[in-house]
Amino acid sequence: MSQQQNRLIEYKIDNHVAVLTINNPPANTWTRDSLIELKQLVLELNVRPDVYALVLTGQGEKFFSAGADLNLFASGDKSIAIDMAQVFGEAFETLSAFRGVSIAAINGYAMGGGLEAALACDIRIAEQQARLALPEAKVGLLPCAGGTQNLTALVGEGWAKRIILCGEQLDANQALTIGLVEEVVEQGQALSSAIALAEKVANQSPTSVTACKELIQNCRSNSIVHGLVNERELFIRLFDSYDQKEGVNAFLEKRAPHWKNS
């Protein structure tokens with residue numbers, strides 16, 4: 001197991017899973033430095049063949065993340081807005097494009113840029129006391145790190161408008177009902193549940209997971225016709241990998257596969 005502490009994004013890697021913890025108490029707000037750190041860390045994990053999944057959570061018991069520190073925007077300086085929008089977008093788009101499976105363990109409030117980070121993940125597990133919202137319009141702003149697009153893709157236009165335009169805050173069970181999160185667990189159980197799910201990814205071929213994720217996310221920006229063509233192309237491309245041969249032969253030989261993430 002490798003572990004890095006005393007960072008804005010603490011992380012440890014164990015059993016093919018990287019656990020990333022937003023570490024900016026008391027509310028785990030995002031800063032320019034923490035967003036850059038997140039982007040760089042995901043890029044580093046992308047090239048580690050031993051990492052199949054990542055879990056993102058917040059330090060402490062109350063906040064997953066409260067989003068951006070609004071003190072950054074109090075002056076109305078447009079140059080700061082330009083810079084932060086770019087940094088936010090790059091960080092969360094990099095997280096969304098992580099080649100493995102990403103899971104948000106929402107252990108408390110996920111507000112604004114905090115919820116946008118969770119939306120950039122593949123799967124969301126929320127504790128029962130969690131609260132989720134995109135309240136940017138309340139302060140004259142808007143979600144600029146994928147919030148309007150990713151939320152709509154998950155819950156549909158109607159609920160996206162209720163949450164963003166009407167400022168509606170959801171509890172965990174409401175979020176589950178509309179498909180904003182995939183699971184609700186007891187308080188204190190989000191991280192362990194997310195890690196348990198992430199560890200299941202090791203049963204899958206990492207190269208197959210990467211290809212399948214690309215195809216699923218194709219639906220956000222391309223037509224189904226494009227996706228169907230790409231599906232066949234990626235299927236054939238898997239035959240260039242070690243994992244394809246290993247997976248089929250391990251099944252036929254009734255043994256566990258040994259992936260190389262080639």
# chains A, B, ... in the order shown; residues from 1 in each chain; ligands from 1
>>> closest_atom_pairs(of="segment 184-233 of chain A", to="segment 99-105 of chain A", cutoff="8 Å", atoms="only C-alpha atoms", output="CSV")
residue,atom,partner,partner_atom,distance
A:Ala190,CA,A:Ala105,CA,5.0
A:Leu191,CA,A:Ala105,CA,5.3
A:Ala194,CA,A:Ala105,CA,5.9
A:Ala198,CA,A:Val101,CA,7.2
A:Val201,CA,A:Val101,CA,7.5
A:Pro206,CA,A:Gly100,CA,7.1
A:Val209,CA,A:Gly100,CA,6.6
A:Thr210,CA,A:Arg99,CA,5.2
A:Lys213,CA,A:Arg99,CA,7.8
>>> residues_around(residues="segment 29-45 of chain A", least_positions_apart="2", cutoff="6 Å", atoms="only C-alpha atoms", output="list of chain:residue names")
A:Leu8, A:Ala27, A:Val47, A:Arg48, A:Ser65, A:Ala66, A:Gly67, A:Ala68, A:Asp69, A:Ala91, A:Thr94
>>> write_last_selection(atoms="C-alpha atoms", output="compact mmCIF listing (two decimals), in the first residue's frame")
# COMPACT_ATOMS: atom_id res chain seq x y z
CA LEU A 8 -4.87 19.15 -0.19
CA ALA A 27 -15.83 22.47 4.56
CA VAL A 47 -0.50 5.62 -16.16
CA ARG A 48 -0.29 3.24 -13.19
CA SER A 65 -17.17 19.37 -0.31
CA ALA A 66 -18.91 22.73 -0.07
CA GLY A 67 -17.55 23.75 -3.47
CA ALA A 68 -15.60 26.90 -4.25
CA ASP A 69 -14.56 29.41 -1.60
CA ALA A 91 -9.82 19.15 -13.01
CA THR A 94 -9.80 14.92 -16.16
>>> residues_around(residues="Asn15 of chain A", least_positions_apart="6", cutoff="9 Å", atoms="only C-alpha atoms", output="PyMOL selection string")
chain A and resi 1+50-51+199+202
>>> select_by_dssp(residues="segment 38-69 of chain A", states="strand (DSSP E)", output="PyMOL selection string")
chain A and resi 53-58+63-65
>>> write_last_selection(atoms="all heavy atoms", output="PDB file, in the first residue's frame")
ATOM      1  N   ALA A  53      -9.325   1.460 -10.053  1.00  0.00           N
ATOM      2  CA  ALA A  53     -10.465   2.282  -9.650  1.00  0.00           C
ATOM      3  C   ALA A  53      -9.998   3.347  -8.670  1.00  0.00           C
ATOM      4  O   ALA A  53      -8.938   3.223  -8.041  1.00  0.00           O
ATOM      5  CB  ALA A  53     -11.546   1.412  -9.001  1.00  0.00           C
ATOM      6  N   LEU A  54     -10.796   4.410  -8.548  1.00  0.00           N
ATOM      7  CA  LEU A  54     -10.519   5.417  -7.535  1.00  0.00           C
ATOM      8  C   LEU A  54     -11.802   5.761  -6.805  1.00  0.00           C
ATOM      9  O   LEU A  54     -12.907   5.690  -7.360  1.00  0.00           O
ATOM     10  CB  LEU A  54      -9.855   6.667  -8.124  1.00  0.00           C
ATOM     11  CG  LEU A  54     -10.638   7.662  -8.982  1.00  0.00           C
ATOM     12  CD1 LEU A  54     -11.498   8.623  -8.144  1.00  0.00           C
ATOM     13  CD2 LEU A  54      -9.693   8.471  -9.852  1.00  0.00           C
ATOM     14  N   VAL A  55     -11.645   6.145  -5.543  1.00  0.00           N
ATOM     15  CA  VAL A  55     -12.753   6.603  -4.710  1.00  0.00           C
ATOM     16  C   VAL A  55     -12.423   8.012  -4.249  1.00  0.00           C
ATOM     17  O   VAL A  55     -11.319   8.266  -3.768  1.00  0.00           O
ATOM     18  CB  VAL A  55     -12.953   5.680  -3.493  1.00  0.00           C
ATOM     19  CG1 VAL A  55     -13.989   6.272  -2.535  1.00  0.00           C
ATOM     20  CG2 VAL A  55     -13.378   4.283  -3.938  1.00  0.00           C
ATOM     21  N   LEU A  56     -13.374   8.926  -4.401  1.00  0.00           N
ATOM     22  CA  LEU A  56     -13.198  10.311  -3.958  1.00  0.00           C
ATOM     23  C   LEU A  56     -14.136  10.575  -2.800  1.00  0.00           C
ATOM     24  O   LEU A  56     -15.337  10.316  -2.884  1.00  0.00           O
ATOM     25  CB  LEU A  56     -13.509  11.277  -5.112  1.00  0.00           C
ATOM     26  CG  LEU A  56     -13.377  12.775  -4.807  1.00  0.00           C
ATOM     27  CD1 LEU A  56     -11.920  13.154  -4.547  1.00  0.00           C
ATOM     28  CD2 LEU A  56     -13.951  13.611  -5.951  1.00  0.00           C
ATOM     29  N   THR A  57     -13.585  11.111  -1.693  1.00  0.00           N
ATOM     30  CA  THR A  57     -14.405  11.422  -0.524  1.00  0.00           C
ATOM     31  C   THR A  57     -13.886  12.688   0.128  1.00  0.00           C
ATOM     32  O   THR A  57     -12.899  13.277  -0.324  1.00  0.00           O
ATOM     33  CB  THR A  57     -14.420  10.241   0.467  1.00  0.00           C
ATOM     34  OG1 THR A  57     -15.459  10.432   1.427  1.00  0.00           O
ATOM     35  CG2 THR A  57     -13.076  10.090   1.178  1.00  0.00           C
ATOM     36  N   GLY A  58     -14.561  13.121   1.195  1.00  0.00           N
ATOM     37  CA  GLY A  58     -14.159  14.328   1.908  1.00  0.00           C
ATOM     38  C   GLY A  58     -13.654  14.009   3.298  1.00  0.00           C
ATOM     39  O   GLY A  58     -14.111  13.056   3.945  1.00  0.00           O
ATOM     40  N   PHE A  63     -18.726  17.272   5.682  1.00  0.00           N
ATOM     41  CA  PHE A  63     -18.674  17.752   4.306  1.00  0.00           C
ATOM     42  C   PHE A  63     -17.960  16.781   3.386  1.00  0.00           C
ATOM     43  O   PHE A  63     -16.856  16.326   3.695  1.00  0.00           O
ATOM     44  CB  PHE A  63     -17.942  19.100   4.236  1.00  0.00           C
ATOM     45  CG  PHE A  63     -18.733  20.267   4.752  1.00  0.00           C
ATOM     46  CD1 PHE A  63     -18.586  20.672   6.076  1.00  0.00           C
ATOM     47  CD2 PHE A  63     -19.620  20.944   3.930  1.00  0.00           C
ATOM     48  CE1 PHE A  63     -19.312  21.754   6.559  1.00  0.00           C
ATOM     49  CE2 PHE A  63     -20.350  22.022   4.408  1.00  0.00           C
ATOM     50  CZ  PHE A  63     -20.190  22.434   5.731  1.00  0.00           C
ATOM     51  N   PHE A  64     -18.612  16.473   2.271  1.00  0.00           N
ATOM     52  CA  PHE A  64     -17.891  15.935   1.126  1.00  0.00           C
ATOM     53  C   PHE A  64     -17.095  17.088   0.536  1.00  0.00           C
ATOM     54  O   PHE A  64     -15.877  17.077   0.522  1.00  0.00           O
ATOM     55  CB  PHE A  64     -18.888  15.350   0.113  1.00  0.00           C
ATOM     56  CG  PHE A  64     -18.266  14.871  -1.170  1.00  0.00           C
ATOM     57  CD1 PHE A  64     -17.573  13.682  -1.221  1.00  0.00           C
ATOM     58  CD2 PHE A  64     -18.399  15.622  -2.326  1.00  0.00           C
ATOM     59  CE1 PHE A  64     -16.999  13.241  -2.413  1.00  0.00           C
ATOM     60  CE2 PHE A  64     -17.845  15.190  -3.522  1.00  0.00           C
ATOM     61  CZ  PHE A  64     -17.136  14.007  -3.557  1.00  0.00           C
ATOM     62  N   SER A  65     -17.789  18.109   0.076  1.00  0.00           N
ATOM     63  CA  SER A  65     -17.168  19.373  -0.311  1.00  0.00           C
ATOM     64  C   SER A  65     -18.252  20.422  -0.471  1.00  0.00           C
ATOM     65  O   SER A  65     -19.295  20.159  -1.074  1.00  0.00           O
ATOM     66  CB  SER A  65     -16.388  19.248  -1.614  1.00  0.00           C
ATOM     67  OG  SER A  65     -15.986  20.528  -2.086  1.00  0.00           O
TER      68      SER A  65
END
>>> residues_around(residues="Ile82 of chain A", least_positions_apart="6", cutoff="12 Å", atoms="only C-alpha atoms", output="count of residues only")
7
>>> residues_around(residues="Ala172 of chain A", least_positions_apart="2", cutoff="12 Å", atoms="only C-alpha atoms", output="ChimeraX atom specification")
/A:106-110,124-133,169-170,174-187,190
>>> residues_around(residues="segment 234-245 of chain A", least_positions_apart="6", cutoff="7 Å", atoms="only C-alpha atoms", output="compact mmCIF listing (two decimals) with all heavy atoms, in the first residue's frame")
# COMPACT_ATOMS: atom_id res chain seq x y z
N SER A 205 -11.58 -7.12 -16.66
CA SER A 205 -10.39 -6.73 -17.40
C SER A 205 -10.28 -5.21 -17.42
O SER A 205 -11.21 -4.53 -17.85
CB SER A 205 -10.47 -7.25 -18.84
OG SER A 205 -9.61 -6.51 -19.69
N THR A 207 -8.61 -3.28 -19.38
CA THR A 207 -8.71 -2.76 -20.74
C THR A 207 -10.16 -2.78 -21.22
O THR A 207 -10.61 -1.87 -21.92
CB THR A 207 -7.83 -3.56 -21.71
OG1 THR A 207 -8.07 -4.96 -21.53
CG2 THR A 207 -6.35 -3.30 -21.44
N ALA A 211 -12.58 0.57 -22.24
CA ALA A 211 -13.32 0.64 -23.50
C ALA A 211 -14.82 0.79 -23.26
O ALA A 211 -15.49 1.59 -23.91
CB ALA A 211 -13.05 -0.61 -24.33
N TRP A 259 -4.55 -9.99 -14.67
CA TRP A 259 -4.56 -8.88 -15.61
C TRP A 259 -3.22 -8.15 -15.65
O TRP A 259 -2.53 -8.06 -14.65
CB TRP A 259 -5.65 -7.87 -15.26
CG TRP A 259 -7.02 -8.43 -15.04
CD1 TRP A 259 -7.77 -8.32 -13.92
CD2 TRP A 259 -7.82 -9.15 -15.99
NE1 TRP A 259 -8.97 -8.94 -14.09
CE2 TRP A 259 -9.04 -9.46 -15.35
CE3 TRP A 259 -7.61 -9.58 -17.31
CZ2 TRP A 259 -10.05 -10.15 -15.99
CZ3 TRP A 259 -8.63 -10.26 -17.93
CH2 TRP A 259 -9.83 -10.55 -17.29
N LYS A 260 -2.87 -7.65 -16.82
CA LYS A 260 -1.68 -6.83 -16.97
C LYS A 260 -2.02 -5.38 -17.32
O LYS A 260 -1.15 -4.53 -17.34
CB LYS A 260 -0.77 -7.40 -18.06
CG LYS A 260 -0.03 -8.67 -17.63
CD LYS A 260 1.02 -9.06 -18.65
CE LYS A 260 1.79 -10.29 -18.18
NZ LYS A 260 2.84 -10.70 -19.17
N ASN A 261 -3.31 -5.11 -17.59
CA ASN A 261 -3.74 -3.76 -17.98
C ASN A 261 -2.90 -3.26 -19.13
O ASN A 261 -2.38 -2.15 -19.12
CB ASN A 261 -3.66 -2.81 -16.79
CG ASN A 261 -4.53 -1.59 -16.98
OD1 ASN A 261 -5.31 -1.50 -17.93
ND2 ASN A 261 -4.41 -0.64 -16.07
N SER A 262 -2.77 -4.10 -20.14
CA SER A 262 -1.87 -3.83 -21.25
C SER A 262 -2.51 -2.90 -22.25
O SER A 262 -3.72 -2.87 -22.39
CB SER A 262 -1.50 -5.13 -21.93
OG SER A 262 -2.65 -5.83 -22.36
>>> residues_around(residues="Leu142 of chain A", least_positions_apart="4", cutoff="12 Å", atoms="only C-alpha atoms", output="list in words")
Ala68, Ala81, Ala85, Gly112, Gly113, Glu116, Leu134, Pro135, Glu136, Ala137, Lys138, Gly146, Gly147, Thr148, Gln149, Ile163, Ile164, Leu165 and Gly167 of chain A
>>> write_last_selection(atoms="all heavy atoms", output="compact mmCIF listing (two decimals), in the first residue's frame")
# COMPACT_ATOMS: atom_id res chain seq x y z
N ALA A 68 -16.61 25.83 -4.20
CA ALA A 68 -15.60 26.90 -4.25
C ALA A 68 -15.72 27.81 -3.04
O ALA A 68 -16.80 28.00 -2.48
CB ALA A 68 -15.76 27.71 -5.53
N ALA A 81 -12.26 34.92 -12.34
CA ALA A 81 -13.32 34.03 -12.83
C ALA A 81 -12.84 33.21 -14.01
O ALA A 81 -13.11 32.00 -14.10
CB ALA A 81 -14.55 34.85 -13.22
N ALA A 85 -12.60 29.18 -13.65
CA ALA A 85 -13.45 28.36 -14.52
C ALA A 85 -12.60 27.36 -15.30
O ALA A 85 -12.99 26.19 -15.46
CB ALA A 85 -14.24 29.26 -15.47
N GLY A 112 -22.54 22.82 -4.80
CA GLY A 112 -21.83 23.53 -5.86
C GLY A 112 -20.74 22.68 -6.48
O GLY A 112 -20.99 21.58 -6.98
N GLY A 113 -19.51 23.20 -6.44
CA GLY A 113 -18.38 22.46 -7.00
C GLY A 113 -18.12 21.14 -6.31
O GLY A 113 -17.46 20.26 -6.87
N GLU A 116 -20.44 18.95 -8.24
CA GLU A 116 -19.90 18.80 -9.59
C GLU A 116 -18.77 17.78 -9.62
O GLU A 116 -18.63 17.03 -10.60
CB GLU A 116 -19.41 20.15 -10.11
CG GLU A 116 -20.55 21.09 -10.49
CD GLU A 116 -20.06 22.39 -11.06
OE1 GLU A 116 -19.41 23.16 -10.31
OE2 GLU A 116 -20.31 22.66 -12.25
N LEU A 134 -26.85 22.45 -6.19
CA LEU A 134 -26.06 23.34 -7.03
C LEU A 134 -26.63 24.75 -6.83
O LEU A 134 -27.47 25.21 -7.62
CB LEU A 134 -26.13 22.92 -8.51
CG LEU A 134 -25.43 21.61 -8.88
CD1 LEU A 134 -25.68 21.27 -10.34
CD2 LEU A 134 -23.93 21.68 -8.60
N PRO A 135 -26.20 25.45 -5.78
CA PRO A 135 -26.84 26.72 -5.39
C PRO A 135 -26.20 27.96 -6.00
O PRO A 135 -26.43 29.07 -5.51
CB PRO A 135 -26.65 26.71 -3.87
CG PRO A 135 -25.31 26.04 -3.68
CD PRO A 135 -25.21 25.00 -4.79
N GLU A 136 -25.42 27.80 -7.06
CA GLU A 136 -24.66 28.94 -7.60
C GLU A 136 -25.54 30.13 -7.97
O GLU A 136 -25.13 31.29 -7.79
CB GLU A 136 -23.85 28.49 -8.82
CG GLU A 136 -22.61 27.67 -8.50
CD GLU A 136 -22.89 26.18 -8.35
OE1 GLU A 136 -24.08 25.80 -8.28
OE2 GLU A 136 -21.92 25.41 -8.31
N ALA A 137 -26.73 29.89 -8.52
CA ALA A 137 -27.59 31.00 -8.94
C ALA A 137 -28.04 31.86 -7.76
O ALA A 137 -28.40 33.03 -7.95
CB ALA A 137 -28.80 30.48 -9.71
N LYS A 138 -28.01 31.32 -6.55
CA LYS A 138 -28.38 32.09 -5.36
C LYS A 138 -27.40 33.23 -5.11
O LYS A 138 -27.73 34.20 -4.43
CB LYS A 138 -28.42 31.18 -4.13
CG LYS A 138 -29.55 30.17 -4.11
CD LYS A 138 -29.50 29.34 -2.85
CE LYS A 138 -30.57 28.26 -2.82
NZ LYS A 138 -31.93 28.83 -2.68
N GLY A 146 -19.16 21.50 -15.33
CA GLY A 146 -19.88 20.32 -15.77
C GLY A 146 -21.23 20.14 -15.12
O GLY A 146 -21.98 19.22 -15.48
N GLY A 147 -21.59 21.00 -14.17
CA GLY A 147 -22.82 20.79 -13.42
C GLY A 147 -24.07 20.78 -14.26
O GLY A 147 -24.92 19.90 -14.13
N THR A 148 -24.23 21.77 -15.14
CA THR A 148 -25.45 21.83 -15.94
C THR A 148 -25.55 20.65 -16.90
O THR A 148 -26.64 20.12 -17.13
CB THR A 148 -25.52 23.14 -16.74
OG1 THR A 148 -24.41 23.20 -17.65
CG2 THR A 148 -25.49 24.35 -15.82
N GLN A 149 -24.43 20.22 -17.44
CA GLN A 149 -24.44 19.15 -18.43
C GLN A 149 -24.54 17.77 -17.79
O GLN A 149 -25.35 16.93 -18.20
CB GLN A 149 -23.17 19.24 -19.30
CG GLN A 149 -22.97 20.60 -19.96
CD GLN A 149 -24.15 21.02 -20.81
OE1 GLN A 149 -24.46 20.38 -21.81
NE2 GLN A 149 -24.82 22.11 -20.42
N ILE A 163 -33.32 21.74 -9.56
CA ILE A 163 -32.15 21.84 -8.68
C ILE A 163 -31.36 23.12 -8.95
O ILE A 163 -30.95 23.82 -8.02
CB ILE A 163 -31.25 20.60 -8.85
CG1 ILE A 163 -31.99 19.35 -8.34
CG2 ILE A 163 -29.92 20.77 -8.13
CD1 ILE A 163 -31.35 18.04 -8.75
N ILE A 164 -31.15 23.45 -10.23
CA ILE A 164 -30.30 24.60 -10.58
C ILE A 164 -31.09 25.90 -10.60
O ILE A 164 -30.69 26.91 -10.01
CB ILE A 164 -29.60 24.35 -11.93
CG1 ILE A 164 -28.67 23.14 -11.84
CG2 ILE A 164 -28.82 25.60 -12.35
CD1 ILE A 164 -28.08 22.72 -13.18
N LEU A 165 -32.25 25.91 -11.28
CA LEU A 165 -33.00 27.15 -11.46
C LEU A 165 -33.82 27.52 -10.23
O LEU A 165 -34.00 28.70 -9.93
CB LEU A 165 -33.93 27.04 -12.67
CG LEU A 165 -33.28 26.64 -14.01
CD1 LEU A 165 -34.31 26.70 -15.13
CD2 LEU A 165 -32.08 27.51 -14.31
N GLY A 167 -33.11 26.25 -7.13
CA GLY A 167 -32.27 26.16 -5.94
C GLY A 167 -32.68 25.07 -4.97
O GLY A 167 -32.48 25.17 -3.76
>>> select_by_dssp(residues="segment 11-107 of chain A", states="helix (DSSP H, G or I)", output="MDAnalysis selection string")
chainID A and resid 32:46 70:73 78:96
>>> write_last_selection(atoms="C-alpha atoms", output="PDB file, in the first residue's frame")
ATOM      1  CA  ARG A  32      -6.918  26.646  -7.239  1.00  0.00           C
ATOM      2  CA  ASP A  33      -4.141  24.515  -5.762  1.00  0.00           C
ATOM      3  CA  SER A  34      -6.387  21.602  -4.790  1.00  0.00           C
ATOM      4  CA  LEU A  35      -7.977  21.506  -8.241  1.00  0.00           C
ATOM      5  CA  ILE A  36      -4.574  21.433  -9.922  1.00  0.00           C
ATOM      6  CA  GLU A  37      -3.510  18.730  -7.464  1.00  0.00           C
ATOM      7  CA  LEU A  38      -6.593  16.647  -8.295  1.00  0.00           C
ATOM      8  CA  LYS A  39      -5.968  16.900 -12.021  1.00  0.00           C
ATOM      9  CA  GLN A  40      -2.310  15.949 -11.686  1.00  0.00           C
ATOM     10  CA  LEU A  41      -3.082  13.047  -9.379  1.00  0.00           C
ATOM     11  CA  VAL A  42      -5.678  11.558 -11.752  1.00  0.00           C
ATOM     12  CA  LEU A  43      -3.222  11.872 -14.652  1.00  0.00           C
ATOM     13  CA  GLU A  44      -0.627  10.010 -12.574  1.00  0.00           C
ATOM     14  CA  LEU A  45      -3.125   7.273 -11.710  1.00  0.00           C
ATOM     15  CA  ASN A  46      -4.004   6.910 -15.397  1.00  0.00           C
ATOM     16  CA  LEU A  70     -16.792  32.379  -2.484  1.00  0.00           C
ATOM     17  CA  ASN A  71     -14.180  34.790  -1.142  1.00  0.00           C
ATOM     18  CA  LEU A  72     -12.428  34.207  -4.457  1.00  0.00           C
ATOM     19  CA  PHE A  73     -15.242  35.956  -6.330  1.00  0.00           C
ATOM     20  CA  LYS A  78     -13.232  38.797 -14.148  1.00  0.00           C
ATOM     21  CA  SER A  79      -9.636  37.564 -14.526  1.00  0.00           C
ATOM     22  CA  ILE A  80     -10.077  35.432 -11.405  1.00  0.00           C
ATOM     23  CA  ALA A  81     -13.320  34.034 -12.829  1.00  0.00           C
ATOM     24  CA  ILE A  82     -11.619  33.141 -16.112  1.00  0.00           C
ATOM     25  CA  ASP A  83      -8.777  31.370 -14.327  1.00  0.00           C
ATOM     26  CA  MET A  84     -10.957  29.460 -11.853  1.00  0.00           C
ATOM     27  CA  ALA A  85     -13.449  28.360 -14.515  1.00  0.00           C
ATOM     28  CA  GLN A  86     -10.564  26.922 -16.522  1.00  0.00           C
ATOM     29  CA  VAL A  87      -8.992  25.188 -13.519  1.00  0.00           C
ATOM     30  CA  PHE A  88     -12.328  23.773 -12.340  1.00  0.00           C
ATOM     31  CA  GLY A  89     -13.174  22.509 -15.812  1.00  0.00           C
ATOM     32  CA  GLU A  90      -9.802  20.880 -16.404  1.00  0.00           C
ATOM     33  CA  ALA A  91      -9.817  19.147 -13.013  1.00  0.00           C
ATOM     34  CA  PHE A  92     -13.287  17.640 -13.270  1.00  0.00           C
ATOM     35  CA  GLU A  93     -13.017  16.771 -16.968  1.00  0.00           C
ATOM     36  CA  THR A  94      -9.795  14.922 -16.164  1.00  0.00           C
ATOM     37  CA  LEU A  95     -11.601  13.106 -13.352  1.00  0.00           C
ATOM     38  CA  SER A  96     -14.469  12.205 -15.693  1.00  0.00           C
TER      39      SER A  96
END
